[in-house]
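**Q** Could you have a look at this structure, given as structure tokens, before my questions?
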Amino acid sequence: MIPQNFEYSAPTSLKEALALIAKGDAKVLAGGMSLIPLMKLRLAAPEHVVDLSRIADLKSVHEDGKGEFPGGALHLGALATHFEIESSALVRSKCPLLAEVASNIGDVQVRNVGTIGGSTAHADPAADYPAGLMALEAKVHLTTAKGERTLPIDQFIVDALSTALKPNELVREIIVPVETRGTGFSYQKLAQPASGFAVVGVAARVRKSAGKVTFVRVGVTGLAGKAFRATRVEKLLEGTSGSAADIQKAAAQAAEGVDANTDLHASADYRRQMTKVFTARALTQALSRAD
Amino acid sequence: MTRKITLKINGKSYSHEVEPRLLLIHYLREVVGFTGPHIGCETSICGACTVELDGKAVKSCTMFAVQADGRNVTTIEGLATDGRLHPMQEAFWNEHALQCGFCTPGMIMTSKELLERSPHPTDDEIRHGLEGNLCRCTGYQHIVNAVRAAAAKAGA
Ligand SMILES: Cc1cc2nc3c(=O)[nH]c(=O)nc-3n(C[C@H](O)[C@H](O)[C@H](O)COP(=O)(O)OP(=O)(O)OC[C@H]3O[C@@H](n4cnc5c(N)ncnc54)[C@H](O)[C@@H]3O)c2cc1C
Ligand code: FES
Ligand code: FES
């Protein structure tokens, strides 16, 4: 389990890091929780590794009153670890769904070093964050030595392990909305028992008003090559009273029209069935938390 | 292709020229000689290699030694002071929380962090906190008992 040797740089500023990757032939390292296992198996063998972990600029987690979302936004620096997000008082109060998703990732040693930027850039089809980021309609702020751009999460993630990221580009931060008061949320995951990765995972956000469900967002990971928003479920539940029967009827559509994954952990049919079950669980808990 | 690193391990400073690809666990065991952290799976799953990096539990088989440059590492060897066991070590001993002992250094490092973050955990929280550490011998119950006992003793 010894990786191929490589040249190692540990820049301390974003500018320096962007210059090091400008030619597009370096691989960046954040927490290493996906990259190092791949390097040990020699599925990845970069010649030059640029370690981002000493760049203070990429660690900030802060709120911004205006800008990306009408109700305000949380900016999560790419290097914010899963543990920092699960335990941050700011994230827990302003975007509790994201904290709940983070607390479900792997184990504590992985959460202590793995980062939101790394997980998003890696785009593992069984990763947890993508379900939450889809349900939150998050944005990804990208930067190169020459300029910046911001993409909706749905455009950033292209397919399994594939994103819109260019080789000379970094994820700078993930931007999520400050949650509207009264929004109920839930992340429900069927974890693969050995690795903890999601066989399927469903994130839900809901709002109610005068006995009616007024807003539903559902993000699904693990089922397909790419996490997605289950818009059929959202439309079916909106406008109902949110009864158990309404939830079942909407959740039954969660895997409709999706090209489901088969692997050694689960068949496509099993994943589809579990997606319906976990969608119903996520909606039920989210509705019970909404007021 | 080597690089000089300087770091503190168990309070003492060390400096070596290492290849960037050298994993922290191999550095600790083979270069410096701290063989307390064990290599179980080498694939980031079992937690036997767990050490503290700047106060946080990490799997040292999934980190390069160069990433620890300038930082503080604590291994199981660093827990006892003046020949007196750390309270978590003592609790593992008293509660019979080990059989072969292979997982124990990692279990203790993770359990220690768990109580630092959450001094009065429920049994569910203890089990959730130790998800990254596997034990092939004890069936876990005695380990949970040990962490609970260490928490009770610290609170007393
Ligand atoms: C035992 C184990 C269990 C796990 N269980 C889960 C789980 O249950 N759920 C889950 O979601 N994940 C799980 N993971 C994966 C984990 O969440 C990783 O931390 C995450 O996928 C990668 O983040 P990282 O910071 O470690 O990135 P790295 O491994 O450092 O990098 C991953 C990839 O992203 C690129 N990259 C990193 N940062 C940036 C950036 N800022 N800009 C551009 N590119 C970047 C790297 O070049 C690399 O290609 C597990 C990992 C392990 C080892
Ligand atoms: S040896 Fe590091 S996790 Fe098993
Ligand atoms: S005591 Fe033998 S592996 Fe845990």
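Lettering and numbering for the structure tokens are positional, with chains as A, B, ... in the shown order, residues counted from 1 in each chain, and ligands counted from 1 in the shown order.
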Please, which residues of chain A lie no more than 6 Å from chain B when the count uses only C-alpha atoms, and can they be set out as a PyMOL selection string?
**A** chain A and resi 5+107+109
**Q** Mind writing the picked residues with N, CA, C and O atoms as a PDB file, in the first residue's frame?
**A**
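Final output, out_9.pdb:
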```
ATOM      1  N   ASN A   5       5.793   7.718  -5.827  1.00  0.00           N
ATOM      2  CA  ASN A   5       6.333   8.960  -5.268  1.00  0.00           C
ATOM      3  C   ASN A   5       5.881  10.177  -6.076  1.00  0.00           C
ATOM      4  O   ASN A   5       5.495  10.051  -7.236  1.00  0.00           O
ATOM      5  N   ASP A 107     -16.804   8.068   9.720  1.00  0.00           N
ATOM      6  CA  ASP A 107     -16.602   7.966  11.155  1.00  0.00           C
ATOM      7  C   ASP A 107     -15.874   9.214  11.622  1.00  0.00           C
ATOM      8  O   ASP A 107     -15.504  10.063  10.800  1.00  0.00           O
ATOM      9  N   GLN A 109     -12.909   9.900  12.712  1.00  0.00           N
ATOM     10  CA  GLN A 109     -11.565  10.200  12.189  1.00  0.00           C
ATOM     11  C   GLN A 109     -11.650  10.754  10.765  1.00  0.00           C
ATOM     12  O   GLN A 109     -10.848  11.618  10.390  1.00  0.00           O
TER      13      GLN A 109
END
```
**Q** Pull the closest atom pair for each residue of chain A that gets at most 7 Å from ligand 1, along with the distance in Å to one decimal, counting only C-alpha atoms and all ligand atoms, ordering rows by chain and then ascending residue number, as a tab-separated table.
**A**
```
residue	atom	partner	partner_atom_place_in_ligand_line	distance
A:Lys27	CA	ligand 1	47 (O)	4.9
A:Val28	CA	ligand 1	47 (O)	4.1
A:Leu29	CA	ligand 1	30 (O)	3.9
A:Ala30	CA	ligand 1	30 (O)	3.5
A:Gly31	CA	ligand 1	26 (O)	3.4
A:Gly32	CA	ligand 1	30 (O)	3.3
A:Met33	CA	ligand 1	26 (O)	3.5
A:Ser34	CA	ligand 1	29 (O)	3.5
A:Leu35	CA	ligand 1	29 (O)	3.7
A:Ile36	CA	ligand 1	29 (O)	6.1
A:Pro37	CA	ligand 1	53 (C)	7.0
A:Ala78	CA	ligand 1	41 (N)	5.0
A:Leu79	CA	ligand 1	41 (N)	6.6
A:Asn104	CA	ligand 1	8 (O)	6.5
A:Ile105	CA	ligand 1	8 (O)	4.0
A:Gly106	CA	ligand 1	5 (N)	3.3
A:Asp107	CA	ligand 1	3 (C)	6.4
A:Val110	CA	ligand 1	52 (C)	5.7
A:Arg111	CA	ligand 1	19 (O)	6.8
A:Val113	CA	ligand 1	26 (O)	6.3
A:Gly114	CA	ligand 1	19 (O)	3.2
A:Thr115	CA	ligand 1	25 (O)	3.6
A:Ile116	CA	ligand 1	23 (O)	6.3
A:Gly117	CA	ligand 1	41 (N)	4.7
A:Gly118	CA	ligand 1	37 (C)	3.4
A:Ser119	CA	ligand 1	21 (O)	3.6
A:Ala121	CA	ligand 1	34 (O)	4.5
A:His122	CA	ligand 1	33 (C)	4.3
A:Asp124	CA	ligand 1	21 (O)	6.8
A:Ala126	CA	ligand 1	11 (O)	6.5
A:Ala127	CA	ligand 1	11 (O)	3.2
A:Asp128	CA	ligand 1	11 (O)	3.9
A:Tyr129	CA	ligand 1	11 (O)	5.8
A:Glu169	CA	ligand 1	43 (C)	6.4
A:Leu170	CA	ligand 1	42 (N)	3.6
A:Val171	CA	ligand 1	42 (N)	3.7
A:Arg172	CA	ligand 1	41 (N)	5.8
A:Ser195	CA	ligand 1	3 (C)	5.1
A:Gly196	CA	ligand 1	8 (O)	4.0
A:Phe197	CA	ligand 1	8 (O)	3.5
A:Ala198	CA	ligand 1	8 (O)	6.1
```
**Q** With DSSP run on the backbone, what are the helix (DSSP H, G or I) residues within stretch 79-210 of chain A? I'd like them as a ChimeraX atom specification.
**A** /A:82-87,89-94,96-103,108-113,116-122,129-135,153-156
**Q** Now that the selection is made, can you save its residues with C-alpha atoms as a CSV table (one decimal), in the first residue's frame?
**A**
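The result, written out as again26.csv:
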```csv
chain,number,residue,atom,x,y,z
A,82,HIS,CA,-17.1,17.5,8.1
A,83,PHE,CA,-16.6,17.8,11.9
A,84,GLU,CA,-16.5,21.6,11.8
A,85,ILE,CA,-19.7,21.7,9.8
A,86,GLU,CA,-21.5,19.2,12.0
A,87,SER,CA,-20.4,21.0,15.2
A,89,ALA,CA,-23.1,26.7,16.1
A,90,LEU,CA,-23.6,28.9,13.0
A,91,VAL,CA,-24.3,26.0,10.6
A,92,ARG,CA,-26.5,24.2,13.2
A,93,SER,CA,-28.7,27.2,13.7
A,94,LYS,CA,-28.7,28.7,10.1
A,96,PRO,CA,-29.3,22.6,10.2
A,97,LEU,CA,-29.8,20.1,7.3
A,98,LEU,CA,-26.2,20.5,6.3
A,99,ALA,CA,-24.9,19.9,9.8
A,100,GLU,CA,-27.1,16.8,10.0
A,101,VAL,CA,-25.7,15.5,6.7
A,102,ALA,CA,-22.1,16.1,7.8
A,103,SER,CA,-22.7,14.2,11.1
A,108,VAL,CA,-15.1,10.6,13.4
A,109,GLN,CA,-11.6,10.2,12.2
A,110,VAL,CA,-12.8,10.8,8.6
A,111,ARG,CA,-14.9,13.7,9.7
A,112,ASN,CA,-12.0,15.3,11.5
A,113,VAL,CA,-10.0,15.7,8.3
A,116,ILE,CA,-16.7,19.8,2.1
A,117,GLY,CA,-14.7,21.1,-0.8
A,118,GLY,CA,-13.0,17.7,-1.2
A,119,SER,CA,-16.2,15.7,-1.0
A,120,THR,CA,-17.9,18.0,-3.5
A,121,ALA,CA,-15.0,18.0,-6.0
A,122,HIS,CA,-14.7,14.2,-5.7
A,129,TYR,CA,-23.2,15.9,0.9
A,130,PRO,CA,-24.6,15.9,-2.6
A,131,ALA,CA,-28.1,14.9,-1.3
A,132,GLY,CA,-28.1,17.9,1.1
A,133,LEU,CA,-26.6,20.3,-1.4
A,134,MET,CA,-29.2,19.4,-4.0
A,135,ALA,CA,-32.0,19.8,-1.5
A,153,ILE,CA,-24.6,22.3,-7.6
A,154,ASP,CA,-26.7,20.6,-10.2
A,155,GLN,CA,-24.4,21.9,-13.0
A,156,PHE,CA,-21.2,21.4,-11.0
```
**Q** Please return as number ranges by chain the residues found within 12 Å of ligand 3, counting only C-alpha atoms and all ligand atoms.
**A** B: 38-41, 46-48, 92-93, 96-108, 133-143
**Q** For the residues in the current selection, export N, CA and C atoms as a compact mmCIF listing (two decimals), in the first residue's frame.
**A**
```
# COMPACT_ATOMS: atom_id res chain seq x y z
N HIS B 38 -0.99 0.82 15.58
CA HIS B 38 -0.85 -0.42 14.81
C HIS B 38 -1.35 -0.26 13.39
N ILE B 39 -0.88 -1.16 12.52
CA ILE B 39 -1.41 -1.23 11.16
C ILE B 39 -2.34 -2.43 11.09
N GLY B 40 -3.64 -2.17 10.97
CA GLY B 40 -4.60 -3.27 10.90
C GLY B 40 -4.95 -3.54 9.46
N CYS B 41 -5.72 -2.62 8.87
CA CYS B 41 -6.26 -2.84 7.53
C CYS B 41 -5.44 -2.14 6.46
N CYS B 46 -10.13 0.39 9.85
CA CYS B 46 -10.15 -0.27 11.16
C CYS B 46 -9.82 0.62 12.34
N GLY B 47 -9.10 1.72 12.12
CA GLY B 47 -8.80 2.65 13.21
C GLY B 47 -7.66 2.24 14.13
N ALA B 48 -6.99 1.09 13.88
CA ALA B 48 -5.89 0.66 14.75
C ALA B 48 -4.73 1.65 14.73
N PHE B 92 -9.90 1.09 30.53
CA PHE B 92 -9.84 -0.09 29.66
C PHE B 92 -9.32 -1.29 30.45
N TRP B 93 -8.33 -1.04 31.30
CA TRP B 93 -7.76 -2.12 32.12
C TRP B 93 -8.82 -2.64 33.11
N HIS B 96 -11.81 -4.57 31.60
CA HIS B 96 -11.45 -5.70 30.72
C HIS B 96 -11.87 -5.41 29.27
N ALA B 97 -11.50 -4.22 28.78
CA ALA B 97 -11.94 -3.77 27.45
C ALA B 97 -11.01 -4.22 26.35
N LEU B 98 -10.10 -5.14 26.64
CA LEU B 98 -9.24 -5.66 25.58
C LEU B 98 -8.98 -7.14 25.79
N GLN B 99 -8.80 -7.81 24.65
CA GLN B 99 -8.38 -9.21 24.74
C GLN B 99 -7.00 -9.33 24.10
N CYS B 100 -6.94 -9.33 22.75
CA CYS B 100 -5.60 -9.42 22.14
C CYS B 100 -4.87 -8.09 22.21
N GLY B 101 -5.64 -7.00 22.30
CA GLY B 101 -5.03 -5.67 22.44
C GLY B 101 -4.65 -4.98 21.15
N PHE B 102 -4.90 -5.62 20.01
CA PHE B 102 -4.44 -5.03 18.75
C PHE B 102 -5.15 -3.71 18.45
N CYS B 103 -6.46 -3.66 18.73
CA CYS B 103 -7.23 -2.45 18.40
C CYS B 103 -7.09 -1.38 19.48
N THR B 104 -6.54 -1.77 20.64
CA THR B 104 -6.63 -0.94 21.85
C THR B 104 -5.99 0.45 21.72
N PRO B 105 -4.79 0.58 21.17
CA PRO B 105 -4.22 1.93 21.08
C PRO B 105 -5.15 2.88 20.32
N GLY B 106 -5.72 2.41 19.22
CA GLY B 106 -6.63 3.25 18.43
C GLY B 106 -7.92 3.51 19.18
N MET B 107 -8.46 2.47 19.82
CA MET B 107 -9.70 2.61 20.59
C MET B 107 -9.53 3.68 21.68
N ILE B 108 -8.40 3.63 22.36
CA ILE B 108 -8.17 4.57 23.47
C ILE B 108 -8.01 6.00 22.94
N ASN B 133 -13.50 2.46 14.59
CA ASN B 133 -12.54 1.55 15.22
C ASN B 133 -13.15 0.16 15.31
N LEU B 134 -12.47 -0.81 14.72
CA LEU B 134 -12.98 -2.18 14.73
C LEU B 134 -12.22 -3.03 15.74
N CYS B 135 -12.96 -3.93 16.42
CA CYS B 135 -12.35 -4.87 17.35
C CYS B 135 -12.83 -6.26 16.98
N ARG B 136 -11.90 -7.20 16.83
CA ARG B 136 -12.29 -8.55 16.44
C ARG B 136 -12.49 -9.45 17.66
N CYS B 137 -12.23 -8.96 18.87
CA CYS B 137 -12.24 -9.84 20.04
C CYS B 137 -13.38 -9.59 21.01
N THR B 138 -13.55 -8.34 21.45
CA THR B 138 -14.33 -8.10 22.66
C THR B 138 -15.83 -8.10 22.45
N GLY B 139 -16.30 -7.91 21.22
CA GLY B 139 -17.74 -7.73 21.04
C GLY B 139 -18.18 -6.34 21.46
N TYR B 140 -17.24 -5.46 21.73
CA TYR B 140 -17.47 -4.03 21.99
C TYR B 140 -18.08 -3.69 23.35
N GLN B 141 -18.86 -4.60 23.95
CA GLN B 141 -19.59 -4.21 25.16
C GLN B 141 -18.65 -3.70 26.26
N HIS B 142 -17.53 -4.41 26.46
CA HIS B 142 -16.60 -3.98 27.51
C HIS B 142 -15.92 -2.66 27.18
N ILE B 143 -15.79 -2.40 25.88
CA ILE B 143 -15.19 -1.11 25.47
C ILE B 143 -16.16 0.02 25.80
```
**Q** Which one is closest to B:Asn10: B:Leu79, B:Glu30, B:Gly55, B:Thr35? Count only C-alpha atoms.
**A** B:Leu79
**Q** Just list as a PyMOL selection string whatever in stretch 17-193 of chain A DSSP marks as strand (DSSP E).
**A** chain A and resi 27-29+48-51+61-64+73-77+139-143+148-152+157-159+162-163+170-177+184-191
**Q** Just the residues within 8 Å of A:Ser60, please, counting only C-alpha atoms, with nothing from its chain fewer than 6 positions along; format it as a short mmCIF file (atom, residue, chain, number, x, y, z; two decimals) with N, CA, C and O atoms, in the first residue's frame.
**A**
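Okay, selection_21.cif is ready:
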```
data_model
loop_
_atom_site.label_atom_id
_atom_site.label_comp_id
_atom_site.auth_asym_id
_atom_site.auth_seq_id
_atom_site.Cartn_x
_atom_site.Cartn_y
_atom_site.Cartn_z
N HIS A 75 -21.45 30.82 3.77
CA HIS A 75 -20.31 30.50 2.91
C HIS A 75 -19.41 29.53 3.66
O HIS A 75 -18.92 29.86 4.74
N LEU A 76 -19.22 28.36 3.09
CA LEU A 76 -18.42 27.34 3.74
C LEU A 76 -17.13 27.18 2.96
O LEU A 76 -17.15 26.73 1.81
N GLY A 77 -16.03 27.61 3.55
CA GLY A 77 -14.74 27.49 2.89
C GLY A 77 -14.49 26.05 2.50
O GLY A 77 -14.88 25.13 3.23
N ALA A 80 -13.42 23.56 5.12
CA ALA A 80 -14.21 23.29 6.33
C ALA A 80 -14.40 21.78 6.43
O ALA A 80 -14.86 21.13 5.48
#
```
**Q** For B:Leu28, please output as a VMD selection string all residues within 9 Å (counting only C-alpha atoms; exclusion window: fewer than 5 positions along the same chain).
**A** chain B and resid 9 23 33 to 37 60 65 75
**Q** Convert the current residue selection to file output with N, CA, C and O atoms, as a JSON list (two decimals), in the first residue's frame.
**A**
```json
[["chain", "number", "residue", "atom", "x", "y", "z"],
["B", 9, "ILE", "N", 6.28, 14.95, 18.59],
["B", 9, "ILE", "CA", 5.57, 13.70, 18.88],
["B", 9, "ILE", "C", 5.65, 13.47, 20.38],
["B", 9, "ILE", "O", 6.76, 13.45, 20.95],
["B", 23, "LEU", "N", 3.82, 7.31, 4.51],
["B", 23, "LEU", "CA", 2.60, 7.49, 5.32],
["B", 23, "LEU", "C", 2.99, 7.77, 6.77],
["B", 23, "LEU", "O", 4.02, 7.29, 7.25],
["B", 33, "GLY", "N", 10.08, 5.04, 15.62],
["B", 33, "GLY", "CA", 10.09, 3.94, 16.58],
["B", 33, "GLY", "C", 8.92, 3.89, 17.55],
["B", 33, "GLY", "O", 8.96, 3.16, 18.54],
["B", 34, "PHE", "N", 7.85, 4.66, 17.26],
["B", 34, "PHE", "CA", 6.64, 4.54, 18.08],
["B", 34, "PHE", "C", 5.76, 3.44, 17.48],
["B", 34, "PHE", "O", 5.06, 3.67, 16.50],
["B", 35, "THR", "N", 5.82, 2.24, 18.07],
["B", 35, "THR", "CA", 5.09, 1.11, 17.51],
["B", 35, "THR", "C", 3.75, 0.89, 18.22],
["B", 35, "THR", "O", 3.09, -0.12, 17.99],
["B", 36, "GLY", "N", 3.35, 1.86, 19.07],
["B", 36, "GLY", "CA", 2.03, 1.77, 19.71],
["B", 36, "GLY", "C", 0.91, 1.80, 18.69],
["B", 36, "GLY", "O", 0.05, 0.90, 18.66],
["B", 37, "PRO", "N", 0.85, 2.80, 17.81],
["B", 37, "PRO", "CA", -0.17, 2.79, 16.76],
["B", 37, "PRO", "C", 0.06, 1.59, 15.83],
["B", 37, "PRO", "O", 1.18, 1.38, 15.37],
["B", 60, "SER", "N", -3.66, 7.40, 10.89],
["B", 60, "SER", "CA", -2.33, 7.76, 10.41],
["B", 60, "SER", "C", -1.90, 6.93, 9.19],
["B", 60, "SER", "O", -0.87, 7.21, 8.60],
["B", 65, "ALA", "N", 3.30, 11.70, 6.06],
["B", 65, "ALA", "CA", 4.08, 12.31, 7.14],
["B", 65, "ALA", "C", 4.30, 13.81, 6.86],
["B", 65, "ALA", "O", 4.27, 14.62, 7.79],
["B", 75, "THR", "N", 0.72, 9.87, 20.30],
["B", 75, "THR", "CA", 0.43, 8.44, 20.12],
["B", 75, "THR", "C", 0.08, 7.87, 21.49],
["B", 75, "THR", "O", 0.21, 8.54, 22.52]]
```
**Q** Please list as a list in words every residue within 9 Å of A:Met39, counting only C-alpha atoms and excluding residues in the same chain fewer than 3 positions away.
**A** Met1, Ile2, Pro3, Gln4, Ser34, Leu35, Ile36, Arg42, Leu43, Ala44, Ala45 and Pro46 of chain A
**Q** Which is closer to ligand 2 than all the others in B:Met88, B:Thr122, B:Ser111, B:Cys49, using only C-alpha atoms and all ligand atoms?
**A**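 Closest to ligand 2, using only C-alpha atoms and all ligand atoms: B:Cys49.
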